[in-house]
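Okay, so here's the structure we're looking at.
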Amino acid sequence: MKLRKAIDQLMQGVFLSAGLTAVVFLLGIFGMLLFNGAKTFKEVSLAEFFGSSNWNPSAYGEPSFGILSMLVSTLMVTAGAMLIAIPLGIGTAAYLSEVASPKVRNWLKPTIELLAGVPSVAVGFIGIVLVAPAIAKVFGLSNGLNALNGAILLAVMALPTIITVAEDSMRAVPKQFREASYALGANGWTTLVRVVLPASFSGIIAAIILGIGRAIGETMTVLMATGNATAMPNGFFDPVRTLTATIAIELGEVAYGTNHYYSLFGLGAVLFVISLLVNLLAEKLASKFRYKL
Amino acid sequence: MIALLGSCQHLPEDYESITLKGSDTEVNVALALAEYYMADETTVSIAVTGGGSGAGIAALINGKTDIANSSRPIKKEELDLASARSIAPVPFIFAVDALAFIVHQDMEVDSLTLDQIAQLFSGKIANWRELGGPDNAVSLYGRQSNSGTFVYLRDSILKTEYAAHHKQMNGNAQIVEALKSDRAGIGYVGVGYILKEGGGVIAGIKTIKVKSDPASTAVSPVEQSAIANGAYPVVRPLFQYTNGMPDGKLLEFIEFGLSPKGQQIITENGYYPIFQAHKQHNEQLLNQYYEAQESH
């Protein structure tokens, strides 16, 4: 009897520490980013870092460390991707959950999930050889290495996440809800919009947030397809350089312990804070709408 | 797996592996040299990777490569960092590269002066109309800041910052591909990347002829003689840095690159043989080594 209790306690401890490991890693990563990133501000003012759009740490003349244009680029590409992926993703999820026959769903859903397995380098390559020339042709530009290209590619990459999670949450809505709706005389569309979507709202928010997370953190695809110019973009037809691409391009050649090195950690910390904010917002939205129905 | 283990056991005891890392401009030519050398020397395995001159030098400083390929001289900060870690970079010059400026095949502009090139890439000339071309905003293609070519052009020709809207591409080949479709584009690549196998420039692009100043004649980097007699102005030596004086097979491989056969392979790959001054520089390095050996 005593032994059983002891094992019970031991196992509780094991699972507790397993849960805590993730927290330790999270705090460790954030701590390291902040610790190293903060050293940037010994020589660079906060106003320059966040307020200037001039990023040129290995300059010919005076180096400059303004991240504003890269911050705007990241947000722009992500927002563009979501403008495309959210309607498409939620629509597909609604079709799979509410309209499609089991036969169609059984092959369509795994196919969509397969899309998540395409390596980002391959998506970037498609962006260079296929999407960029197409954009240039359609909009009459000289080239298509711009924010729009990145947004389209990121939308494709975020789609499987959004569709899978949103569809799961729609399918989790109890059958009785739909039956009640039909019994009151509502048609399929009204049932979807007034019953299923509100009931699965927290899951849909989660799907969108995961999609945003996928888009913000993506590196290789945007690095290959968006032109990487550091100038402040004036619109979706301008080349952009995201925070992730900057870290990927420059960390390989930076000398350890220099201001340039620390400022790249600063970029990492900014990325981390953005995803933290997005997640907190999601948490709040999801709980707010959870019991509305 | 078993086959793999089995084959490992058959390796000769003096089996040596050499790693080269760095300049994307040098990757192809270094690979060609390595392949030729390995054909005769079966006990040596040579791995060549790119990543940019900056990445190669960083790898040498971190002790992660035997040779750092670099298309620019090592910077003072890098030397300081190296000596702090007791790494002593030795510069061999094994080839000469001409930097070609390329545009879309339909571009009306044929030749540019060095000054015009500098103004284009620093953003002072923003429309092709100013150069007698079409009324089109200039779209600039270049390399990323870890590229030696990027640094070379900025420090030697531009002598100021690049325009902020200049697109930073992953490698030479990507710039060539982009220029095949961008009618308002201009980019810079090592001349080896615009030559077809067996001679001639690849289709879809045009090579800009360059003049040192408005009075001189415009020269194309594709002409071998223009490089050898110094008429083409955008020419630079390509370096191979080792940590300290190399020894054994590593030294043999470097000397192979400098030999007539090595220089012939370099020429076949679209680069140029080293000049007399470079030869003297290498010989000086090697003589110091051999004298030290004899006195031992």
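The chains in the structure tokens are called A, B, ... from first to last as shown; in each chain the residues are counted from 1, and the ligands are counted from 1 in the order shown.
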Test item: chain A residues at most 10 Å from chain B, counting only C-alpha atoms, as a ChimeraX atom specification: /A:53-62,128-129,132-133,136,141-146,223-233,238-241,246,249-256
Keeping N, CA and C atoms for every residue in the selection just given, could you write it to a file as a tab-separated table (two decimals), in the first residue's frame?
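See out.tsv below for the written result:
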chain	number	residue	atom	x	y	z
A	53	SER	N	14.36	53.73	-39.67
A	53	SER	CA	14.16	52.65	-40.64
A	53	SER	C	15.46	52.39	-41.40
A	54	ASN	N	16.56	52.81	-40.83
A	54	ASN	CA	17.85	52.65	-41.50
A	54	ASN	C	18.65	51.54	-40.82
A	55	TRP	N	18.69	50.36	-41.44
A	55	TRP	CA	19.42	49.22	-40.86
A	55	TRP	C	20.64	48.94	-41.72
A	56	ASN	N	21.83	49.18	-41.18
A	56	ASN	CA	23.07	48.92	-41.93
A	56	ASN	C	24.24	48.74	-40.96
A	57	PRO	N	24.25	47.60	-40.25
A	57	PRO	CA	25.25	47.41	-39.19
A	57	PRO	C	26.67	47.26	-39.73
A	58	SER	N	26.83	46.72	-40.96
A	58	SER	CA	28.19	46.60	-41.49
A	58	SER	C	28.36	47.61	-42.61
A	59	ALA	N	28.15	48.87	-42.26
A	59	ALA	CA	28.10	49.93	-43.26
A	59	ALA	C	29.49	50.32	-43.72
A	60	TYR	N	29.53	51.04	-44.84
A	60	TYR	CA	30.78	51.62	-45.33
A	60	TYR	C	31.20	52.73	-44.39
A	61	GLY	N	30.22	53.56	-44.00
A	61	GLY	CA	30.50	54.65	-43.07
A	61	GLY	C	30.05	54.26	-41.66
A	62	GLU	N	29.21	55.13	-41.07
A	62	GLU	CA	28.70	54.87	-39.72
A	62	GLU	C	27.64	53.77	-39.76
A	128	ILE	N	10.20	32.09	-56.37
A	128	ILE	CA	11.12	32.75	-57.28
A	128	ILE	C	10.77	32.45	-58.74
A	129	VAL	N	10.56	31.17	-59.05
A	129	VAL	CA	10.44	30.80	-60.46
A	129	VAL	C	9.01	30.89	-60.99
A	132	ALA	N	6.67	34.93	-58.52
A	132	ALA	CA	7.22	36.26	-58.80
A	132	ALA	C	7.01	36.68	-60.27
A	133	PRO	N	7.37	35.84	-61.24
A	133	PRO	CA	7.11	36.23	-62.63
A	133	PRO	C	5.62	36.46	-62.90
A	136	ALA	N	4.69	39.85	-61.56
A	136	ALA	CA	5.23	40.89	-62.42
A	136	ALA	C	4.36	41.06	-63.66
A	141	LEU	N	4.73	44.89	-63.42
A	141	LEU	CA	5.93	45.33	-62.71
A	141	LEU	C	7.16	44.79	-63.42
A	142	SER	N	8.33	45.34	-63.09
A	142	SER	CA	9.54	44.81	-63.71
A	142	SER	C	9.95	43.50	-63.06
A	143	ASN	N	9.58	43.31	-61.80
A	143	ASN	CA	9.88	42.04	-61.14
A	143	ASN	C	8.89	41.80	-60.02
A	144	GLY	N	8.82	40.56	-59.53
A	144	GLY	CA	7.82	40.22	-58.53
A	144	GLY	C	8.40	39.82	-57.19
A	145	LEU	N	9.65	40.24	-56.93
A	145	LEU	CA	10.24	39.92	-55.64
A	145	LEU	C	9.82	41.00	-54.64
A	146	ASN	N	8.63	40.86	-54.09
A	146	ASN	CA	8.11	41.90	-53.23
A	146	ASN	C	7.25	41.33	-52.10
A	223	LEU	N	12.94	34.94	-47.14
A	223	LEU	CA	14.33	35.28	-47.47
A	223	LEU	C	14.56	35.11	-48.97
A	224	MET	N	13.97	34.07	-49.56
A	224	MET	CA	14.20	33.81	-50.97
A	224	MET	C	13.33	34.67	-51.88
A	225	ALA	N	12.12	35.00	-51.41
A	225	ALA	CA	11.12	35.49	-52.36
A	225	ALA	C	10.78	36.98	-52.27
A	226	THR	N	11.29	37.68	-51.25
A	226	THR	CA	10.81	39.05	-51.09
A	226	THR	C	11.84	40.12	-51.44
A	227	GLY	N	13.01	39.74	-51.91
A	227	GLY	CA	13.97	40.74	-52.38
A	227	GLY	C	14.92	41.30	-51.34
A	228	ASN	N	14.52	41.24	-50.05
A	228	ASN	CA	15.41	41.61	-48.94
A	228	ASN	C	16.00	43.01	-49.00
A	229	ALA	N	15.29	43.96	-49.56
A	229	ALA	CA	15.80	45.33	-49.53
A	229	ALA	C	15.45	45.93	-48.17
A	230	THR	N	16.38	46.73	-47.61
A	230	THR	CA	16.15	47.23	-46.26
A	230	THR	C	15.36	48.53	-46.23
A	231	ALA	N	15.04	49.07	-47.40
A	231	ALA	CA	14.29	50.34	-47.43
A	231	ALA	C	12.88	50.14	-46.87
A	232	MET	N	12.31	51.23	-46.35
A	232	MET	CA	10.93	51.18	-45.87
A	232	MET	C	9.99	50.94	-47.04
A	233	PRO	N	9.18	49.87	-47.01
A	233	PRO	CA	8.31	49.60	-48.15
A	233	PRO	C	7.16	50.61	-48.24
A	238	ASP	N	6.64	46.68	-53.18
A	238	ASP	CA	8.03	46.98	-52.87
A	238	ASP	C	8.70	45.76	-52.25
A	239	PRO	N	10.02	45.59	-52.54
A	239	PRO	CA	10.72	44.50	-51.86
A	239	PRO	C	10.80	44.78	-50.36
A	240	VAL	N	10.75	43.74	-49.56
A	240	VAL	CA	10.81	43.90	-48.10
A	240	VAL	C	11.83	42.93	-47.52
A	241	ARG	N	12.26	43.26	-46.30
A	241	ARG	CA	13.18	42.38	-45.61
A	241	ARG	C	12.64	42.17	-44.20
A	246	THR	N	16.53	38.89	-41.78
A	246	THR	CA	17.71	39.64	-41.37
A	246	THR	C	18.58	38.80	-40.43
A	249	ILE	N	20.27	36.05	-42.49
A	249	ILE	CA	21.32	36.51	-43.41
A	249	ILE	C	22.57	36.90	-42.64
A	250	GLU	N	22.38	37.59	-41.52
A	250	GLU	CA	23.53	38.26	-40.90
A	250	GLU	C	24.19	37.48	-39.77
A	251	LEU	N	23.47	36.55	-39.15
A	251	LEU	CA	24.08	35.87	-38.00
A	251	LEU	C	25.27	35.01	-38.42
A	252	GLY	N	25.27	34.56	-39.68
A	252	GLY	CA	26.34	33.68	-40.14
A	252	GLY	C	27.69	34.35	-40.21
A	253	GLU	N	27.73	35.65	-40.38
A	253	GLU	CA	29.02	36.31	-40.61
A	253	GLU	C	29.37	37.31	-39.52
A	254	VAL	N	28.48	37.41	-38.52
A	254	VAL	CA	28.71	38.45	-37.53
A	254	VAL	C	29.78	38.00	-36.52
A	255	ALA	N	30.65	38.91	-36.11
A	255	ALA	CA	31.66	38.56	-35.12
A	255	ALA	C	31.01	38.57	-33.74
A	256	TYR	N	31.28	37.53	-32.96
A	256	TYR	CA	30.68	37.42	-31.63
A	256	TYR	C	31.06	38.61	-30.75
When you look at Gly31 of chain A with a cut-off of 12 Å (counting only C-alpha atoms), what residues show up, excluding the ones that are within fewer than 5 positions of it in the same chain? I need them as number ranges by chain. A: 23-26, 36-38, 265-266, 268-269, 272-273
File of the preceding selection, C-alpha atoms, as a PDB file, in the first residue's frame:
ATOM      1  CA  VAL A  23       8.414  26.615 -19.035  1.00  0.00           C
ATOM      2  CA  VAL A  24      12.117  26.518 -18.210  1.00  0.00           C
ATOM      3  CA  PHE A  25      13.032  26.405 -21.897  1.00  0.00           C
ATOM      4  CA  LEU A  26      10.683  29.277 -22.643  1.00  0.00           C
ATOM      5  CA  ASN A  36      22.056  39.665 -25.134  1.00  0.00           C
ATOM      6  CA  GLY A  37      19.629  41.980 -26.891  1.00  0.00           C
ATOM      7  CA  ALA A  38      19.765  44.522 -24.054  1.00  0.00           C
ATOM      8  CA  PHE A 265      19.460  39.107 -30.483  1.00  0.00           C
ATOM      9  CA  GLY A 266      17.455  42.291 -30.032  1.00  0.00           C
ATOM     10  CA  GLY A 268      14.961  37.950 -31.851  1.00  0.00           C
ATOM     11  CA  ALA A 269      13.545  39.435 -28.656  1.00  0.00           C
ATOM     12  CA  PHE A 272       9.444  36.812 -29.373  1.00  0.00           C
ATOM     13  CA  VAL A 273       7.436  39.665 -27.875  1.00  0.00           C
TER      14      VAL A 273
END
What is the atom CA of Glu48 of chain A to atom CA of Leu34 of chain A distance in Å? 17.7 Å
Alpha helix (DSSP H) per DSSP on the backbone: members of segment 38-185 of chain B, as a ChimeraX atom specification: /B:38-40,53-61,76-84,114-121,148-153,172-181
Suppose we keep N, CA and C atoms; can you now write the selection as a tab-separated table (two decimals), in the first residue's frame?
chain	number	residue	atom	x	y	z
B	38	MET	N	41.48	15.34	-56.59
B	38	MET	CA	41.08	14.08	-55.95
B	38	MET	C	41.18	12.90	-56.90
B	39	ALA	N	41.07	13.17	-58.20
B	39	ALA	CA	41.15	12.08	-59.17
B	39	ALA	C	42.50	11.38	-59.08
B	40	ASP	N	43.56	12.14	-58.78
B	40	ASP	CA	44.89	11.55	-58.66
B	40	ASP	C	45.20	11.13	-57.23
B	53	SER	N	31.98	35.00	-48.35
B	53	SER	CA	33.34	35.18	-47.84
B	53	SER	C	33.35	35.39	-46.34
B	54	GLY	N	32.40	36.18	-45.85
B	54	GLY	CA	32.33	36.47	-44.41
B	54	GLY	C	32.15	35.20	-43.61
B	55	ALA	N	31.27	34.32	-44.11
B	55	ALA	CA	31.02	33.06	-43.42
B	55	ALA	C	32.27	32.18	-43.44
B	56	GLY	N	33.02	32.19	-44.56
B	56	GLY	CA	34.23	31.39	-44.67
B	56	GLY	C	35.29	31.85	-43.67
B	57	ILE	N	35.49	33.17	-43.60
B	57	ILE	CA	36.49	33.72	-42.68
B	57	ILE	C	36.07	33.47	-41.24
B	58	ALA	N	34.75	33.62	-40.97
B	58	ALA	CA	34.26	33.31	-39.62
B	58	ALA	C	34.54	31.85	-39.26
B	59	ALA	N	34.35	30.95	-40.24
B	59	ALA	CA	34.60	29.53	-40.00
B	59	ALA	C	36.09	29.28	-39.73
B	60	LEU	N	36.95	30.00	-40.44
B	60	LEU	CA	38.40	29.84	-40.22
B	60	LEU	C	38.76	30.30	-38.81
B	61	ILE	N	38.18	31.42	-38.41
B	61	ILE	CA	38.45	31.96	-37.07
B	61	ILE	C	37.92	31.02	-36.00
B	76	LYS	N	40.20	44.18	-40.80
B	76	LYS	CA	41.03	44.37	-39.62
B	76	LYS	C	40.36	43.76	-38.39
B	77	GLU	N	39.03	43.96	-38.26
B	77	GLU	CA	38.33	43.39	-37.08
B	77	GLU	C	38.45	41.88	-37.07
B	78	GLU	N	38.38	41.28	-38.28
B	78	GLU	CA	38.48	39.82	-38.37
B	78	GLU	C	39.88	39.35	-37.97
B	79	LEU	N	40.90	40.12	-38.39
B	79	LEU	CA	42.28	39.77	-38.02
B	79	LEU	C	42.46	39.84	-36.51
B	80	ASP	N	41.90	40.91	-35.90
B	80	ASP	CA	42.01	41.06	-34.45
B	80	ASP	C	41.37	39.88	-33.74
B	81	LEU	N	40.17	39.52	-34.23
B	81	LEU	CA	39.43	38.42	-33.63
B	81	LEU	C	40.22	37.12	-33.78
B	82	ALA	N	40.83	36.94	-34.97
B	82	ALA	CA	41.60	35.73	-35.24
B	82	ALA	C	42.79	35.63	-34.30
B	83	SER	N	43.52	36.74	-34.14
B	83	SER	CA	44.72	36.66	-33.29
B	83	SER	C	44.33	36.45	-31.84
B	84	ALA	N	43.13	36.95	-31.45
B	84	ALA	CA	42.66	36.71	-30.09
B	84	ALA	C	42.42	35.22	-29.86
B	114	LEU	N	32.44	53.78	-64.65
B	114	LEU	CA	32.49	53.35	-63.25
B	114	LEU	C	31.66	54.29	-62.38
B	115	ASP	N	31.73	55.58	-62.72
B	115	ASP	CA	31.00	56.57	-61.95
B	115	ASP	C	29.49	56.35	-62.08
B	116	GLN	N	29.03	56.04	-63.28
B	116	GLN	CA	27.60	55.78	-63.47
B	116	GLN	C	27.17	54.53	-62.70
B	117	ILE	N	28.03	53.52	-62.69
B	117	ILE	CA	27.73	52.30	-61.94
B	117	ILE	C	27.58	52.62	-60.45
B	118	ALA	N	28.53	53.42	-59.95
B	118	ALA	CA	28.47	53.81	-58.54
B	118	ALA	C	27.18	54.58	-58.24
B	119	GLN	N	26.80	55.47	-59.17
B	119	GLN	CA	25.58	56.26	-58.94
B	119	GLN	C	24.32	55.40	-59.01
B	120	LEU	N	24.34	54.39	-59.90
B	120	LEU	CA	23.21	53.47	-60.00
B	120	LEU	C	23.03	52.71	-58.68
B	121	PHE	N	24.11	52.10	-58.20
B	121	PHE	CA	23.98	51.21	-57.04
B	121	PHE	C	23.83	51.97	-55.73
B	148	GLY	N	31.54	38.62	-50.18
B	148	GLY	CA	32.75	39.40	-50.44
B	148	GLY	C	32.56	40.31	-51.63
B	149	THR	N	31.75	39.86	-52.60
B	149	THR	CA	31.48	40.67	-53.78
B	149	THR	C	30.74	41.95	-53.39
B	150	PHE	N	29.78	41.80	-52.50
B	150	PHE	CA	29.01	42.94	-51.96
B	150	PHE	C	29.98	43.96	-51.36
B	151	VAL	N	30.89	43.47	-50.53
B	151	VAL	CA	31.83	44.37	-49.85
B	151	VAL	C	32.82	44.98	-50.84
B	152	TYR	N	33.31	44.15	-51.78
B	152	TYR	CA	34.29	44.63	-52.75
B	152	TYR	C	33.72	45.80	-53.57
B	153	LEU	N	32.52	45.60	-54.09
B	153	LEU	CA	31.93	46.63	-54.94
B	153	LEU	C	31.70	47.92	-54.15
B	172	ASN	N	24.92	34.30	-56.79
B	172	ASN	CA	25.14	34.78	-58.16
B	172	ASN	C	24.08	34.27	-59.12
B	173	ALA	N	23.77	32.95	-59.00
B	173	ALA	CA	22.86	32.34	-59.96
B	173	ALA	C	21.47	32.96	-59.87
B	174	GLN	N	21.06	33.33	-58.63
B	174	GLN	CA	19.74	33.92	-58.46
B	174	GLN	C	19.68	35.30	-59.12
B	175	ILE	N	20.79	36.02	-59.08
B	175	ILE	CA	20.83	37.34	-59.72
B	175	ILE	C	20.70	37.16	-61.24
B	176	VAL	N	21.42	36.21	-61.79
B	176	VAL	CA	21.35	35.96	-63.24
B	176	VAL	C	19.92	35.60	-63.63
B	177	GLU	N	19.27	34.73	-62.86
B	177	GLU	CA	17.90	34.33	-63.16
B	177	GLU	C	16.95	35.53	-63.12
B	178	ALA	N	17.13	36.39	-62.10
B	178	ALA	CA	16.26	37.55	-61.95
B	178	ALA	C	16.41	38.49	-63.14
B	179	LEU	N	17.63	38.67	-63.62
B	179	LEU	CA	17.87	39.61	-64.72
B	179	LEU	C	17.32	39.10	-66.05
B	180	LYS	N	17.09	37.79	-66.13
B	180	LYS	CA	16.52	37.27	-67.38
B	180	LYS	C	15.09	37.78	-67.57
B	181	SER	N	14.40	38.10	-66.47
B	181	SER	CA	13.02	38.55	-66.64
B	181	SER	C	12.81	40.03	-66.29
Find the residues around Leu238 of chain B up to 6 Å (only C-alpha atoms counted), leave out those fewer than 4 positions away in its own chain, and share them as a PyMOL selection string. chain B and resi 71+93+95-96
Determine, counting only C-alpha atoms, which protein, DNA and RNA residues have an atom within 10 Å of an atom of segment 256-260 of chain B; residues of the same chain fewer than 6 positions away are not included. Present the result as JSON, numbers by chain. {"B": [29, 30, 33, 34, 36, 37, 92, 93, 94, 95, 250, 266, 273, 274, 279, 282, 283]}
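For segment 9-254 of chain A, backbone-based DSSP assignment of strand (DSSP E or B) covers Trp55, Asn56, Ser64, Phe65, Gly227 and Val240 of chain A.
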Residue selection dump (all heavy atoms) as an mmCIF file, in the first residue's frame:
data_model
loop_
_atom_site.group_PDB
_atom_site.id
_atom_site.type_symbol
_atom_site.label_atom_id
_atom_site.label_comp_id
_atom_site.auth_asym_id
_atom_site.auth_seq_id
_atom_site.Cartn_x
_atom_site.Cartn_y
_atom_site.Cartn_z
ATOM 1 N N TRP A 55 18.693 50.361 -41.442
ATOM 2 C CA TRP A 55 19.417 49.222 -40.860
ATOM 3 C C TRP A 55 20.641 48.945 -41.716
ATOM 4 O O TRP A 55 20.523 48.540 -42.862
ATOM 5 C CB TRP A 55 18.496 47.997 -40.823
ATOM 6 C CG TRP A 55 19.185 46.737 -40.393
ATOM 7 C CD1 TRP A 55 19.714 45.782 -41.220
ATOM 8 C CD2 TRP A 55 19.421 46.281 -39.067
ATOM 9 N NE1 TRP A 55 20.260 44.767 -40.474
ATOM 10 C CE2 TRP A 55 20.102 45.046 -39.153
ATOM 11 C CE3 TRP A 55 19.129 46.812 -37.805
ATOM 12 C CZ2 TRP A 55 20.486 44.324 -38.033
ATOM 13 C CZ3 TRP A 55 19.520 46.079 -36.683
ATOM 14 C CH2 TRP A 55 20.184 44.857 -36.797
ATOM 15 N N ASN A 56 21.834 49.181 -41.183
ATOM 16 C CA ASN A 56 23.070 48.921 -41.926
ATOM 17 C C ASN A 56 24.238 48.739 -40.955
ATOM 18 O O ASN A 56 25.101 49.588 -40.837
ATOM 19 C CB ASN A 56 23.330 50.086 -42.889
ATOM 20 C CG ASN A 56 24.285 49.680 -43.989
ATOM 21 O OD1 ASN A 56 24.867 48.589 -43.952
ATOM 22 N ND2 ASN A 56 24.468 50.549 -44.962
ATOM 23 N N SER A 64 24.277 51.735 -38.754
ATOM 24 C CA SER A 64 23.010 52.180 -38.185
ATOM 25 C C SER A 64 22.155 50.961 -37.843
ATOM 26 O O SER A 64 22.237 49.930 -38.495
ATOM 27 C CB SER A 64 22.280 53.092 -39.169
ATOM 28 O OG SER A 64 22.266 52.500 -40.449
ATOM 29 N N PHE A 65 21.325 51.107 -36.823
ATOM 30 C CA PHE A 65 20.625 49.957 -36.258
ATOM 31 C C PHE A 65 19.127 50.180 -36.103
ATOM 32 O O PHE A 65 18.563 49.847 -35.080
ATOM 33 C CB PHE A 65 21.217 49.608 -34.882
ATOM 34 C CG PHE A 65 22.646 49.154 -34.922
ATOM 35 C CD1 PHE A 65 23.683 50.059 -34.809
ATOM 36 C CD2 PHE A 65 22.948 47.806 -35.062
ATOM 37 C CE1 PHE A 65 24.998 49.633 -34.846
ATOM 38 C CE2 PHE A 65 24.259 47.376 -35.104
ATOM 39 C CZ PHE A 65 25.282 48.295 -34.999
ATOM 40 N N GLY A 227 13.011 39.743 -51.913
ATOM 41 C CA GLY A 227 13.969 40.737 -52.384
ATOM 42 C C GLY A 227 14.918 41.297 -51.337
ATOM 43 O O GLY A 227 15.964 41.815 -51.674
ATOM 44 N N VAL A 240 10.747 43.736 -49.556
ATOM 45 C CA VAL A 240 10.811 43.904 -48.105
ATOM 46 C C VAL A 240 11.829 42.933 -47.515
ATOM 47 O O VAL A 240 12.199 41.945 -48.138
ATOM 48 C CB VAL A 240 9.449 43.632 -47.434
ATOM 49 C CG1 VAL A 240 8.429 44.662 -47.829
ATOM 50 C CG2 VAL A 240 8.960 42.234 -47.727
#
For Asn269 of chain B, list every protein, DNA or RNA residue within 10 Å, evaluated using only C-alpha atoms, and leave out those in the same chain fewer than 2 positions away; present the list as a ChimeraX atom specification. /B:28-30,32-33,191-193,195-199,263-267,271-272
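Between atom CA of Val219 of chain B and atom CA of Asp135 of chain B there is a distance of 25.5 Å.
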What is the distance, in Å and to one decimal place, between atom CA of His278 of chain B and atom CA of Ser212 of chain B? 22.3 Å
